[in-house]
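Structure record follows, encoded as structure tokens.
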There are 2 protein chains.
Amino acid sequence: MNQKGRFLNLNVGINTTGYLPEAWRYRTGSSADITDPAYYRALTELAHTGLFDAAFLSDHPALMTEATGRPFHTLDPLMLTTHLAAQVPDIGFVATMSSTYNSPYNLARRTQSADILSGGRLIVNIVTSFNRDVAANFGNAPLPPRSERYARALEFMDVAKALWASWDRSREQAVPENRFWDASAARTIDHTGPYFSVRGPLNVPRGPQGYPVIAQAGASAGGIELAARHGEIIYCNILCRQAGIDFRARVAERARAAGRDPAGIRIVPGVVVILGATRQEAFRRHELYTGAGSEDGLIARFIKEHGFAPDTFNADAILDPKHFLPPSDRLQALGMGLGLYDLLTHEKLTARQVVRRSAGHHRLLLGTPEDVADGLIDLWQDGTVDGYTLQPPRAPDDIVEFIQKVIPILQDRGVYRRRYENSTVRDRYGLPYPSASDTAGAYA
Amino acid sequence: MNQKGRFLNLNVGINTTGYLPEAWRYRTGSSADITDPAYYRALTELAHTGLFDAAFLSDHPALMTEATGRPFHTLDPLMLTTHLAAQVPDIGFVATMSSTYNSPYNLARRTQSADILSGGRLIVNIVTSFNRDVAANFGNAPLPPRSERYARALEFMDVAKALWASWDRSREQAVPENRFWDASAARTIDHTGPYFSVRGPLNVPRGPQGYPVIAQAGASAGGIELAARHGEIIYCNILCRQAGIDFRARVAERARAAGRDPAGIRIVPGVVVILGATRQEAFRRHELYTGAGSEDGLIARFIKEHGFAPDTFNADAILDPKHFLPPSDRLQALGMGLGLYDLLTHEKLTARQVVRRSAGHHRLLLGTPEDVADGLIDLWQDGTVDGYTLQPPRAPDDIVEFIQKVIPILQDRGVYRRRYENSTVRDRYGLPYPSASDTAGAYA
């Protein structure tokens, strides 16, 4: 238990071959796995043996067709998690869905259905989509600017919450003998706003969690506003303690400004773990799994990615954080770029050091199982983070290794569960239940 | 086997309390059933013992809140069927989805995911939605007129089929050692039309059925065009033989005009079965389950529904079909009204007779198990219909009775399977598989 009296929360990513695009060369399995239901069932059963809070599926509704890449987003996350929840007990599921390319009624209905079908195990990760390939699958309008996407997302979630509360069977009064139900337990929401007009009520009643737990990932100003207003589990890039403390403070300040108690917000950043019998072995595997091949390769990639001049670059000089501040019109998710900037603001690091601190924009923990357990506990013990979303470079291999080697250490140190004790993910995360009397007005 | 060498195909409706709104008073179970996953699992396991082709879920994305009614559409059909398919083998599932209130990319992706997850057991029932309550949940635009809804639906299905074929792993060539996949197996569709612009490719590959079997229900001119172009299983209102023969001829003529072989179309109308130890008992149960209470009650309801003058109406006079031709601007699904008109065109019937010929707009079969088996076989034997979608007045009770009393007769007469023999619903319906080389152009 940490100072808040809670266990370390751990989700685990189960997209296709694992998180790092080049690491499939070192994984067990075939390319057919990525669209094979049996593969995802095996990953989920594996995650269940590791007592993870939830299996996490990120998403873009588009196929990236680089010949040298590998598909990372294929089967629809909500369909796949519904299939898996029917077969594997206890574990929760994070399904990523776009507020830009769905309608609130359909999304509210499908997710509430999935939460009921899974017995209260759904976490919906709301993203606004930042990708031109996605936009091209949904009409010929260009991708809306970030500010508009987030304004729409805020209203979208207001509508979704009102719909989720609109048919509450706990409001049912005694039903006369000749009646099937008390229809007054269902109420229209009559929402009219800049982006949506939705009458309601939803035709699916409140579920076991009130509504599904809401996850959220953005770190731009709009993303933080969405997190503050609606996010319960924040999936973000936190590369060092002070960045985590600052991030939580920013979200909490915005939450209080919106009249919300920030105690109902969990910070669960991504983390990439690469284990070795020794630290040197973990370093070597890092070089391989990233496709860089060597430390020089990692540095060369860093130089190219950040636009430095290769001839004059000194890998052992302290980096200037200003060079890493992402432009606000950047198309990629803004939060992905901010992590490195924040890290370099708080710690004086060289390129040789920094390439070992993050992978795929997330915190990188390299070393022996003890090193990794120490690293996970470090930022959690004092409440900087509430847990992590483990992004295994290779699936299933790095999930297997983590469960075999790191989970027992976390259990021995008393920071991680030894069995599933609650039935909903809301309980397991210690998140408050929305009040049964909540209505549209309470959210707006 | 019938003259086409096929078994009688049977689907069974599993919406909430059963098909007839008033019949819940005579059913086993509680009102909590209608949103309880365990209830739907029990219904599906029951249907599996009856060797049904598929469990059928109709849908409107809106809650009807009449105090005297009962909800008929709650949990999202595609979510619910995905949950059920993960738990019950063999049986197929018909999930109803709106082409008016979904986007082609999302629908194509979700349904192809569900078809892969179920191992080729998905039938997608495409409807255009005809209900103002639904429209109010998706913006403040009025419901589009029928002609526009069907024009959109035709293009919607062209896009969906192009997307379903856009990533075909059978097109993969030998993959060089350092590559994960042959990305050229995925191709953009670059669709631009009056309603949709979609680039593709879909990020879910072709599934075990090529694409999900497509069901369709409309009987207006637009509905028949959609059936002819895209429908594989047609769910419709056929109250007598000649109406069925005419309907099939109309669909076949339009199919040929569109360059499609009508041999790939199955007519599977709805049927309501009410059993009794005697024909009189079945009549009595009909009066109860409809809520009419008596034959006079059935006739009184008929008089009111069709706008006759109660004082002068003669229940034993032959009815004039012209009185029953639905206005083309009628808001309700047009096909629902045409069935009665067609019946009265082909048979001279009184009100007292006709109230026993349909229920909930579908063909009504009343009598002993032998009577019902005779009635089912009658229109199937000569190929007028390919099977039926059984709509039980009460669920689970009338499904139980049908399986116990009618299925054995159908088996003894050699017209119905004794075990599940194929793994996909496409095989079980004898429907052709879309060619692996199909592309957008082949469908457009």
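Each chain of the structure tokens is named A, B, ... in the order shown, its residues numbered from 1; ligands are numbered from 1 in display order.
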Practice problem: Could you list the residues in chain A lying within 6 Å of chain B, using only C-alpha atoms, and format the result as an NGL selection string? | Solution: :A and (37 or 62-63 or 65 or 67-68 or 70 or 74-76 or 82-83 or 86 or 110 or 113 or 117 or 136-140 or 179-180 or 183 or 196-200 or 203-204)
Selected residues written out, N, CA and C atoms, as a compact mmCIF listing (two decimals), in the first residue's frame:
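Everything below was put into selection27.txt:
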```txt
# COMPACT_ATOMS: atom_id res chain seq x y z
N PRO A 37 -8.54 -13.98 -32.88
CA PRO A 37 -9.17 -13.86 -31.55
C PRO A 37 -8.49 -14.73 -30.49
N ALA A 62 -7.83 3.56 -38.69
CA ALA A 62 -7.17 3.65 -40.00
C ALA A 62 -6.08 2.59 -40.02
N LEU A 63 -5.77 2.10 -41.21
CA LEU A 63 -4.69 1.14 -41.34
C LEU A 63 -3.44 1.86 -41.82
N THR A 65 -0.16 1.68 -43.60
CA THR A 65 0.28 0.67 -44.56
C THR A 65 1.75 0.81 -44.93
N ALA A 67 5.20 -0.33 -45.59
CA ALA A 67 5.65 -1.70 -45.90
C ALA A 67 6.61 -2.21 -44.84
N THR A 68 7.35 -1.29 -44.20
CA THR A 68 8.35 -1.72 -43.22
C THR A 68 7.80 -1.73 -41.80
N ARG A 70 4.35 -2.52 -38.99
CA ARG A 70 3.42 -3.61 -38.68
C ARG A 70 2.13 -2.98 -38.19
N THR A 74 -6.05 -2.95 -35.30
CA THR A 74 -6.90 -3.63 -36.28
C THR A 74 -8.30 -3.87 -35.71
N LEU A 75 -8.55 -5.00 -35.06
CA LEU A 75 -9.91 -5.29 -34.59
C LEU A 75 -10.42 -4.15 -33.72
N ASP A 76 -11.67 -3.80 -33.88
CA ASP A 76 -12.27 -2.71 -33.11
C ASP A 76 -12.14 -2.98 -31.61
N THR A 82 -15.24 -6.75 -25.65
CA THR A 82 -16.50 -7.41 -25.29
C THR A 82 -16.39 -8.92 -25.48
N HIS A 83 -15.75 -9.31 -26.56
CA HIS A 83 -15.49 -10.73 -26.81
C HIS A 83 -14.62 -11.32 -25.69
N ALA A 86 -16.21 -11.75 -22.19
CA ALA A 86 -17.13 -12.89 -22.09
C ALA A 86 -16.39 -14.19 -21.82
N ARG A 110 -23.29 1.91 -26.75
CA ARG A 110 -22.40 0.75 -26.92
C ARG A 110 -21.54 0.52 -25.69
N SER A 113 -23.66 -0.73 -22.83
CA SER A 113 -23.94 -2.15 -23.10
C SER A 113 -22.73 -3.01 -22.73
N LEU A 117 -22.48 -5.94 -20.00
CA LEU A 117 -22.14 -7.29 -20.45
C LEU A 117 -20.89 -7.82 -19.74
N ALA A 136 -9.52 11.00 -43.27
CA ALA A 136 -9.85 10.63 -44.65
C ALA A 136 -10.80 9.43 -44.73
N ASN A 137 -10.96 8.71 -43.63
CA ASN A 137 -11.91 7.60 -43.61
C ASN A 137 -13.31 8.04 -43.19
N PHE A 138 -13.43 9.33 -42.84
CA PHE A 138 -14.71 9.83 -42.33
C PHE A 138 -15.13 11.10 -43.04
N GLY A 139 -15.00 11.11 -44.36
CA GLY A 139 -15.45 12.26 -45.11
C GLY A 139 -14.28 13.03 -45.68
N ASN A 140 -14.60 14.05 -46.46
CA ASN A 140 -13.51 14.79 -47.08
C ASN A 140 -13.22 16.11 -46.38
N ARG A 179 -48.80 -3.34 -15.29
CA ARG A 179 -47.73 -2.65 -16.01
C ARG A 179 -46.44 -3.45 -15.94
N PHE A 180 -45.63 -3.32 -17.00
CA PHE A 180 -44.35 -4.02 -17.03
C PHE A 180 -43.28 -3.28 -16.24
N ALA A 183 -42.00 3.56 -16.39
CA ALA A 183 -41.32 4.26 -17.48
C ALA A 183 -40.76 5.61 -17.03
N PHE A 196 -23.94 19.26 -30.48
CA PHE A 196 -24.87 18.13 -30.43
C PHE A 196 -26.26 18.54 -29.97
N SER A 197 -27.25 17.89 -30.56
CA SER A 197 -28.63 17.95 -30.07
C SER A 197 -29.08 16.52 -29.88
N VAL A 198 -29.37 16.16 -28.65
CA VAL A 198 -29.71 14.77 -28.33
C VAL A 198 -30.85 14.77 -27.34
N ARG A 199 -31.94 14.10 -27.67
CA ARG A 199 -33.09 14.12 -26.78
C ARG A 199 -33.03 13.05 -25.69
N GLY A 200 -32.61 11.84 -26.04
CA GLY A 200 -32.63 10.78 -25.06
C GLY A 200 -34.04 10.33 -24.74
N ASN A 203 -31.43 4.06 -24.34
CA ASN A 203 -32.23 2.84 -24.20
C ASN A 203 -31.47 1.71 -23.51
N VAL A 204 -30.38 2.06 -22.83
CA VAL A 204 -29.66 1.11 -21.97
C VAL A 204 -29.60 1.74 -20.58
```
Quiz item: Residues of segment 190-400 of chain A in helix (DSSP H, G or I) according to DSSP, as a ChimeraX atom specification?
Solution: /A:221-230,241-257,262-264,279-289,295-305,321-324,334-346,351-354,369-381,397-400
Practice problem: Name the residues in contact with Val273 of chain A at a cut-off of 9 Å, using only C-alpha atoms, excluding same-chain residues fewer than 6 positions from it; report them as a PyMOL selection string. | Solution: chain A and resi 363-367+372+390-393+398+402
Next, write the just-selected residues to a file, as a PDB file, in the first residue's frame, keeping N, CA and C atoms as the atom set.
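Printed below is result-v4.pdb as written:
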```
ATOM      1  N   ARG A 363       7.966   6.589 -20.321  1.00  0.00           N
ATOM      2  CA  ARG A 363       9.063   6.298 -19.405  1.00  0.00           C
ATOM      3  C   ARG A 363       9.607   4.904 -19.711  1.00  0.00           C
ATOM      4  N   LEU A 364      10.926   4.798 -19.763  1.00  0.00           N
ATOM      5  CA  LEU A 364      11.583   3.520 -20.028  1.00  0.00           C
ATOM      6  C   LEU A 364      12.273   3.055 -18.749  1.00  0.00           C
ATOM      7  N   LEU A 365      11.981   1.816 -18.349  1.00  0.00           N
ATOM      8  CA  LEU A 365      12.668   1.222 -17.207  1.00  0.00           C
ATOM      9  C   LEU A 365      13.474   0.034 -17.702  1.00  0.00           C
ATOM     10  N   LEU A 366      14.794   0.164 -17.572  1.00  0.00           N
ATOM     11  CA  LEU A 366      15.742  -0.826 -18.088  1.00  0.00           C
ATOM     12  C   LEU A 366      16.501  -1.436 -16.930  1.00  0.00           C
ATOM     13  N   GLY A 367      16.613  -2.761 -16.905  1.00  0.00           N
ATOM     14  CA  GLY A 367      17.476  -3.333 -15.876  1.00  0.00           C
ATOM     15  C   GLY A 367      16.999  -4.686 -15.397  1.00  0.00           C
ATOM     16  N   VAL A 372      13.666  -2.663 -12.020  1.00  0.00           N
ATOM     17  CA  VAL A 372      12.375  -2.238 -12.581  1.00  0.00           C
ATOM     18  C   VAL A 372      11.349  -2.064 -11.465  1.00  0.00           C
ATOM     19  N   LEU A 390       1.568  -0.625 -18.461  1.00  0.00           N
ATOM     20  CA  LEU A 390       2.735  -1.312 -18.998  1.00  0.00           C
ATOM     21  C   LEU A 390       2.581  -1.483 -20.506  1.00  0.00           C
ATOM     22  N   GLN A 391       3.560  -0.989 -21.265  1.00  0.00           N
ATOM     23  CA  GLN A 391       3.535  -1.168 -22.717  1.00  0.00           C
ATOM     24  C   GLN A 391       4.670  -2.115 -23.074  1.00  0.00           C
ATOM     25  N   PRO A 392       4.370  -3.394 -23.241  1.00  0.00           N
ATOM     26  CA  PRO A 392       5.425  -4.376 -23.505  1.00  0.00           C
ATOM     27  C   PRO A 392       5.993  -4.187 -24.904  1.00  0.00           C
ATOM     28  N   PRO A 393       7.311  -4.092 -25.047  1.00  0.00           N
ATOM     29  CA  PRO A 393       7.883  -3.972 -26.398  1.00  0.00           C
ATOM     30  C   PRO A 393       7.427  -5.118 -27.291  1.00  0.00           C
ATOM     31  N   ASP A 398       7.182 -10.019 -23.504  1.00  0.00           N
ATOM     32  CA  ASP A 398       7.537  -9.132 -22.400  1.00  0.00           C
ATOM     33  C   ASP A 398       6.452  -9.062 -21.329  1.00  0.00           C
ATOM     34  N   PHE A 402       7.465 -10.055 -17.469  1.00  0.00           N
ATOM     35  CA  PHE A 402       7.091  -9.126 -16.405  1.00  0.00           C
ATOM     36  C   PHE A 402       6.322  -9.864 -15.303  1.00  0.00           C
TER      37      PHE A 402
END
```
Quiz item: Hey, what's within 10 Å of segment 403-420 of chain A if we count only C-alpha atoms and toss same-chain stuff fewer than 2 positions away? As a PyMOL selection string, please?
Solution: chain A and resi 1-2+5-10+46-53+89-91+275+368-374+376-377+380-381+398-401+422-423+428
Residues of the last selection are to be written out with N, CA and C atoms, as a CSV table (one decimal), in the first residue's frame.
```csv
chain,number,residue,atom,x,y,z
A,1,MET,N,0.8,-1.2,0.0
A,1,MET,CA,0.0,0.0,0.0
A,1,MET,C,0.9,1.3,0.0
A,2,ASN,N,0.4,2.3,-0.7
A,2,ASN,CA,1.2,3.5,-0.6
A,2,ASN,C,0.6,4.5,0.4
A,5,GLY,N,-3.0,4.5,0.9
A,5,GLY,CA,-3.7,3.2,1.2
A,5,GLY,C,-4.1,2.4,0.1
A,6,ARG,N,-3.5,2.6,-1.1
A,6,ARG,CA,-3.9,1.8,-2.3
A,6,ARG,C,-2.8,1.0,-2.8
A,7,PHE,N,-3.1,-0.1,-3.5
A,7,PHE,CA,-2.1,-0.8,-4.2
A,7,PHE,C,-1.7,-0.1,-5.5
A,8,LEU,N,-0.6,-0.5,-6.0
A,8,LEU,CA,-0.1,0.0,-7.3
A,8,LEU,C,-1.1,-0.6,-8.4
A,9,ASN,N,-1.7,0.3,-9.2
A,9,ASN,CA,-2.5,-0.1,-10.3
A,9,ASN,C,-1.7,-0.3,-11.5
A,10,LEU,N,-2.0,-1.4,-12.2
A,10,LEU,CA,-1.2,-1.7,-13.4
A,10,LEU,C,-2.2,-2.2,-14.5
A,46,LEU,N,-3.2,-14.5,-20.0
A,46,LEU,CA,-1.9,-14.2,-19.4
A,46,LEU,C,-2.0,-13.0,-18.5
A,47,ALA,N,-2.6,-11.9,-18.9
A,47,ALA,CA,-2.7,-10.7,-18.1
A,47,ALA,C,-3.5,-11.0,-16.8
A,48,HIS,N,-4.4,-11.9,-16.9
A,48,HIS,CA,-5.2,-12.3,-15.8
A,48,HIS,C,-4.4,-13.0,-14.7
A,49,THR,N,-3.4,-13.8,-15.2
A,49,THR,CA,-2.5,-14.5,-14.2
A,49,THR,C,-1.6,-13.4,-13.6
A,50,GLY,N,-1.4,-12.3,-14.2
A,50,GLY,CA,-0.6,-11.2,-13.7
A,50,GLY,C,-1.4,-10.3,-12.8
A,51,LEU,N,-2.7,-10.6,-12.7
A,51,LEU,CA,-3.6,-9.8,-11.8
A,51,LEU,C,-3.6,-8.3,-12.2
A,52,PHE,N,-3.4,-8.0,-13.5
A,52,PHE,CA,-3.5,-6.6,-14.0
A,52,PHE,C,-4.9,-6.1,-13.8
A,53,ASP,N,-5.0,-4.8,-13.6
A,53,ASP,CA,-6.3,-4.1,-13.5
A,53,ASP,C,-7.0,-4.2,-14.8
A,89,PRO,N,-12.5,-13.8,-16.8
A,89,PRO,CA,-13.2,-13.1,-15.7
A,89,PRO,C,-12.3,-12.0,-15.1
A,90,ASP,N,-12.8,-11.2,-14.2
A,90,ASP,CA,-12.1,-10.3,-13.3
A,90,ASP,C,-11.4,-9.1,-14.0
A,91,ILE,N,-10.6,-9.4,-15.0
A,91,ILE,CA,-9.7,-8.3,-15.5
A,91,ILE,C,-10.6,-7.2,-16.2
A,275,LEU,N,13.7,-6.0,-19.5
A,275,LEU,CA,14.4,-6.7,-18.4
A,275,LEU,C,15.6,-7.3,-19.0
A,368,THR,N,17.5,-5.0,-14.2
A,368,THR,CA,17.1,-6.3,-13.6
A,368,THR,C,15.6,-6.2,-13.1
A,369,PRO,N,15.0,-7.3,-12.8
A,369,PRO,CA,13.6,-7.2,-12.2
A,369,PRO,C,13.6,-6.3,-10.9
A,370,GLU,N,14.7,-6.3,-10.1
A,370,GLU,CA,14.7,-5.5,-8.9
A,370,GLU,C,14.8,-4.0,-9.3
A,371,ASP,N,15.6,-3.7,-10.3
A,371,ASP,CA,15.7,-2.3,-10.8
A,371,ASP,C,14.4,-1.8,-11.3
A,372,VAL,N,13.7,-2.7,-12.0
A,372,VAL,CA,12.4,-2.2,-12.6
A,372,VAL,C,11.3,-2.1,-11.5
A,373,ALA,N,11.3,-3.0,-10.5
A,373,ALA,CA,10.4,-2.9,-9.4
A,373,ALA,C,10.7,-1.6,-8.6
A,374,ASP,N,11.9,-1.3,-8.4
A,374,ASP,CA,12.3,-0.1,-7.7
A,374,ASP,C,11.8,1.1,-8.5
A,376,LEU,N,9.3,1.3,-10.6
A,376,LEU,CA,7.8,1.4,-10.6
A,376,LEU,C,7.4,2.0,-9.2
A,377,ILE,N,8.0,1.5,-8.2
A,377,ILE,CA,7.5,1.9,-6.8
A,377,ILE,C,7.9,3.3,-6.5
A,380,TRP,N,5.5,5.9,-7.4
A,380,TRP,CA,4.1,5.5,-6.9
A,380,TRP,C,4.1,5.7,-5.4
A,381,GLN,N,5.2,5.4,-4.7
A,381,GLN,CA,5.2,5.4,-3.2
A,381,GLN,C,4.7,6.7,-2.6
A,398,ASP,N,7.2,-10.0,-23.5
A,398,ASP,CA,7.5,-9.1,-22.4
A,398,ASP,C,6.5,-9.1,-21.3
A,399,ILE,N,5.2,-9.5,-21.7
A,399,ILE,CA,4.2,-9.6,-20.6
A,399,ILE,C,4.5,-10.9,-19.8
A,400,VAL,N,4.9,-11.9,-20.4
A,400,VAL,CA,5.3,-13.2,-19.7
A,400,VAL,C,6.4,-12.9,-18.7
A,401,GLU,N,7.5,-12.2,-19.2
A,401,GLU,CA,8.7,-11.9,-18.4
A,401,GLU,C,8.3,-11.1,-17.2
A,422,ASN,N,-12.1,-7.1,-6.0
A,422,ASN,CA,-13.3,-6.3,-6.3
A,422,ASN,C,-13.8,-6.8,-7.7
A,423,SER,N,-15.0,-6.5,-7.9
A,423,SER,CA,-15.6,-7.0,-9.2
A,423,SER,C,-15.6,-5.9,-10.3
A,428,ARG,N,-11.7,-1.2,-8.0
A,428,ARG,CA,-10.2,-1.6,-7.9
A,428,ARG,C,-9.4,-0.4,-8.0
```
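What separates atom CA of Ser98 of chain B from atom CA of Gly360 of chain B is a distance of 21.1 Å.
Residues in contact with Glu155 of chain A at up to 12 Å, not including ones fewer than 4 positions away on its chain and judged by only C-alpha atoms, are Ser99, Thr100, Ser103, Pro104, Glu148, Arg149, Tyr150, Ala151, Val159, Ala160, Lys161, Ala162, His191, Thr192, Gly193, Pro194, Tyr195, Phe196, Ser197, Val198, Glu225, Leu226, Arg229, His230, Ala440, Tyr443 and Ala444 of chain A.
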Create the file for the chosen residues now, containing N, CA and C atoms and written as a CSV table (one decimal), in the first residue's frame.
```
chain,number,residue,atom,x,y,z
A,99,SER,N,-14.0,10.7,-29.9
A,99,SER,CA,-15.1,11.6,-29.7
A,99,SER,C,-15.3,12.4,-31.0
A,100,THR,N,-14.3,12.4,-31.9
A,100,THR,CA,-14.5,13.2,-33.1
A,100,THR,C,-15.2,12.4,-34.2
A,103,SER,N,-20.9,9.4,-32.7
A,103,SER,CA,-21.9,10.2,-32.2
A,103,SER,C,-22.1,9.8,-30.7
A,104,PRO,N,-22.5,10.8,-29.9
A,104,PRO,CA,-22.7,10.5,-28.4
A,104,PRO,C,-23.7,9.4,-28.1
A,148,GLU,N,-11.0,22.8,-31.6
A,148,GLU,CA,-12.3,22.4,-31.9
A,148,GLU,C,-12.6,21.0,-31.5
A,149,ARG,N,-11.6,20.1,-31.8
A,149,ARG,CA,-11.8,18.7,-31.4
A,149,ARG,C,-12.0,18.6,-29.9
A,150,TYR,N,-11.3,19.4,-29.1
A,150,TYR,CA,-11.5,19.3,-27.6
A,150,TYR,C,-12.8,20.0,-27.2
A,151,ALA,N,-13.2,21.0,-27.8
A,151,ALA,CA,-14.5,21.6,-27.4
A,151,ALA,C,-15.6,20.6,-27.7
A,159,VAL,N,-22.8,15.1,-22.8
A,159,VAL,CA,-23.9,14.4,-23.4
A,159,VAL,C,-23.9,12.9,-23.0
A,160,ALA,N,-22.7,12.3,-23.1
A,160,ALA,CA,-22.6,10.9,-22.8
A,160,ALA,C,-23.0,10.6,-21.3
A,161,LYS,N,-22.5,11.5,-20.4
A,161,LYS,CA,-22.8,11.3,-19.0
A,161,LYS,C,-24.3,11.5,-18.7
A,162,ALA,N,-24.9,12.4,-19.4
A,162,ALA,CA,-26.3,12.6,-19.2
A,162,ALA,C,-27.1,11.4,-19.7
A,191,HIS,N,-30.7,17.7,-24.6
A,191,HIS,CA,-29.4,18.4,-24.7
A,191,HIS,C,-29.4,19.2,-26.1
A,192,THR,N,-29.1,20.5,-26.0
A,192,THR,CA,-28.8,21.3,-27.2
A,192,THR,C,-27.6,22.1,-26.9
A,193,GLY,N,-26.6,21.9,-27.8
A,193,GLY,CA,-25.3,22.6,-27.6
A,193,GLY,C,-24.7,22.9,-28.9
A,194,PRO,N,-23.5,23.5,-28.9
A,194,PRO,CA,-22.9,23.9,-30.2
A,194,PRO,C,-22.7,22.7,-31.1
A,195,TYR,N,-22.4,21.6,-30.6
A,195,TYR,CA,-22.0,20.4,-31.4
A,195,TYR,C,-23.1,19.4,-31.5
A,196,PHE,N,-23.9,19.3,-30.5
A,196,PHE,CA,-24.9,18.1,-30.4
A,196,PHE,C,-26.3,18.5,-30.0
A,197,SER,N,-27.3,17.9,-30.6
A,197,SER,CA,-28.6,18.0,-30.1
A,197,SER,C,-29.1,16.5,-29.9
A,198,VAL,N,-29.4,16.2,-28.6
A,198,VAL,CA,-29.7,14.8,-28.3
A,198,VAL,C,-30.9,14.8,-27.3
A,225,GLU,N,-7.9,20.0,-19.9
A,225,GLU,CA,-9.3,20.5,-19.5
A,225,GLU,C,-10.2,19.2,-19.6
A,226,LEU,N,-10.1,18.4,-20.6
A,226,LEU,CA,-10.9,17.2,-20.7
A,226,LEU,C,-10.6,16.3,-19.6
A,229,ARG,N,-12.2,17.8,-16.4
A,229,ARG,CA,-13.6,17.7,-16.3
A,229,ARG,C,-14.2,16.3,-16.3
A,230,HIS,N,-13.5,15.4,-17.0
A,230,HIS,CA,-14.2,14.1,-17.2
A,230,HIS,C,-13.2,12.9,-17.0
A,440,ALA,N,-28.4,15.2,-16.1
A,440,ALA,CA,-27.7,16.0,-17.1
A,440,ALA,C,-27.1,17.2,-16.4
A,443,TYR,N,-23.9,17.4,-14.6
A,443,TYR,CA,-22.6,17.2,-15.3
A,443,TYR,C,-22.3,18.5,-16.2
A,444,ALA,N,-23.3,19.2,-16.5
A,444,ALA,CA,-23.1,20.2,-17.5
A,444,ALA,C,-22.3,21.4,-17.0
```
Quiz item: Using only C-alpha atoms, which residues sit within 9 Å of segment 259-267 of chain B once same-chain residues fewer than 5 positions away are excluded, as a PyMOL selection string?
Solution: chain B and resi 227-229+231-236+244+248+251-254+384-388+429-432
Write the residues of the selection above to a file with N, CA and C atoms, as a short mmCIF file (atom, residue, chain, number, x, y, z; two decimals), in the first residue's frame.
```
data_model
loop_
_atom_site.label_atom_id
_atom_site.label_comp_id
_atom_site.auth_asym_id
_atom_site.auth_seq_id
_atom_site.Cartn_x
_atom_site.Cartn_y
_atom_site.Cartn_z
N ALA B 227 -32.52 -4.47 -51.25
CA ALA B 227 -32.51 -5.93 -51.17
C ALA B 227 -31.88 -6.52 -52.43
N ALA B 228 -32.27 -5.98 -53.60
CA ALA B 228 -31.81 -6.52 -54.88
C ALA B 228 -30.31 -6.32 -55.05
N ARG B 229 -29.83 -5.15 -54.64
CA ARG B 229 -28.41 -4.84 -54.82
C ARG B 229 -27.54 -5.50 -53.77
N GLY B 231 -28.97 -7.24 -50.49
CA GLY B 231 -29.54 -8.16 -49.52
C GLY B 231 -29.20 -9.61 -49.82
N GLU B 232 -28.92 -10.38 -48.80
CA GLU B 232 -28.71 -11.82 -48.98
C GLU B 232 -29.80 -12.59 -48.25
N ILE B 233 -30.21 -12.07 -47.11
CA ILE B 233 -31.33 -12.64 -46.36
C ILE B 233 -32.37 -11.53 -46.22
N ILE B 234 -33.56 -11.77 -46.76
CA ILE B 234 -34.59 -10.75 -46.75
C ILE B 234 -35.64 -11.11 -45.71
N TYR B 235 -35.72 -10.23 -44.73
CA TYR B 235 -36.69 -10.38 -43.64
C TYR B 235 -37.88 -9.51 -44.02
N CYS B 236 -39.04 -10.11 -44.24
CA CYS B 236 -40.15 -9.33 -44.80
C CYS B 236 -41.48 -9.88 -44.28
N GLY B 244 -45.69 -13.98 -51.61
CA GLY B 244 -44.28 -14.39 -51.58
C GLY B 244 -43.71 -14.55 -52.97
N ARG B 248 -40.67 -12.19 -54.39
CA ARG B 248 -39.41 -12.72 -54.87
C ARG B 248 -39.16 -12.31 -56.32
N VAL B 251 -37.96 -8.69 -56.41
CA VAL B 251 -36.56 -8.55 -55.97
C VAL B 251 -35.62 -9.12 -57.04
N ALA B 252 -36.00 -10.29 -57.59
CA ALA B 252 -35.13 -10.94 -58.59
C ALA B 252 -34.99 -10.07 -59.84
N GLU B 253 -36.08 -9.45 -60.25
CA GLU B 253 -36.04 -8.61 -61.44
C GLU B 253 -35.09 -7.43 -61.23
N ARG B 254 -35.19 -6.83 -60.05
CA ARG B 254 -34.31 -5.69 -59.77
C ARG B 254 -32.86 -6.16 -59.61
N THR B 384 -41.30 -20.87 -52.29
CA THR B 384 -41.81 -19.50 -52.15
C THR B 384 -40.97 -18.73 -51.14
N VAL B 385 -40.70 -19.38 -50.01
CA VAL B 385 -39.78 -18.80 -49.02
C VAL B 385 -38.66 -19.81 -48.78
N ASP B 386 -37.55 -19.33 -48.22
CA ASP B 386 -36.43 -20.21 -47.91
C ASP B 386 -36.43 -20.63 -46.45
N GLY B 387 -37.26 -19.98 -45.69
CA GLY B 387 -37.32 -20.28 -44.27
C GLY B 387 -38.08 -19.17 -43.58
N TYR B 388 -37.93 -19.11 -42.27
CA TYR B 388 -38.69 -18.13 -41.49
C TYR B 388 -37.83 -17.56 -40.38
N TYR B 429 -26.76 -21.15 -45.01
CA TYR B 429 -27.79 -20.60 -45.88
C TYR B 429 -27.51 -20.89 -47.36
N GLY B 430 -26.41 -21.58 -47.63
CA GLY B 430 -26.06 -21.88 -49.02
C GLY B 430 -25.80 -20.63 -49.84
N LEU B 431 -25.30 -19.59 -49.21
CA LEU B 431 -25.05 -18.32 -49.91
C LEU B 431 -23.65 -18.32 -50.50
N PRO B 432 -23.49 -17.71 -51.68
CA PRO B 432 -22.15 -17.66 -52.28
C PRO B 432 -21.19 -16.81 -51.45
#
```
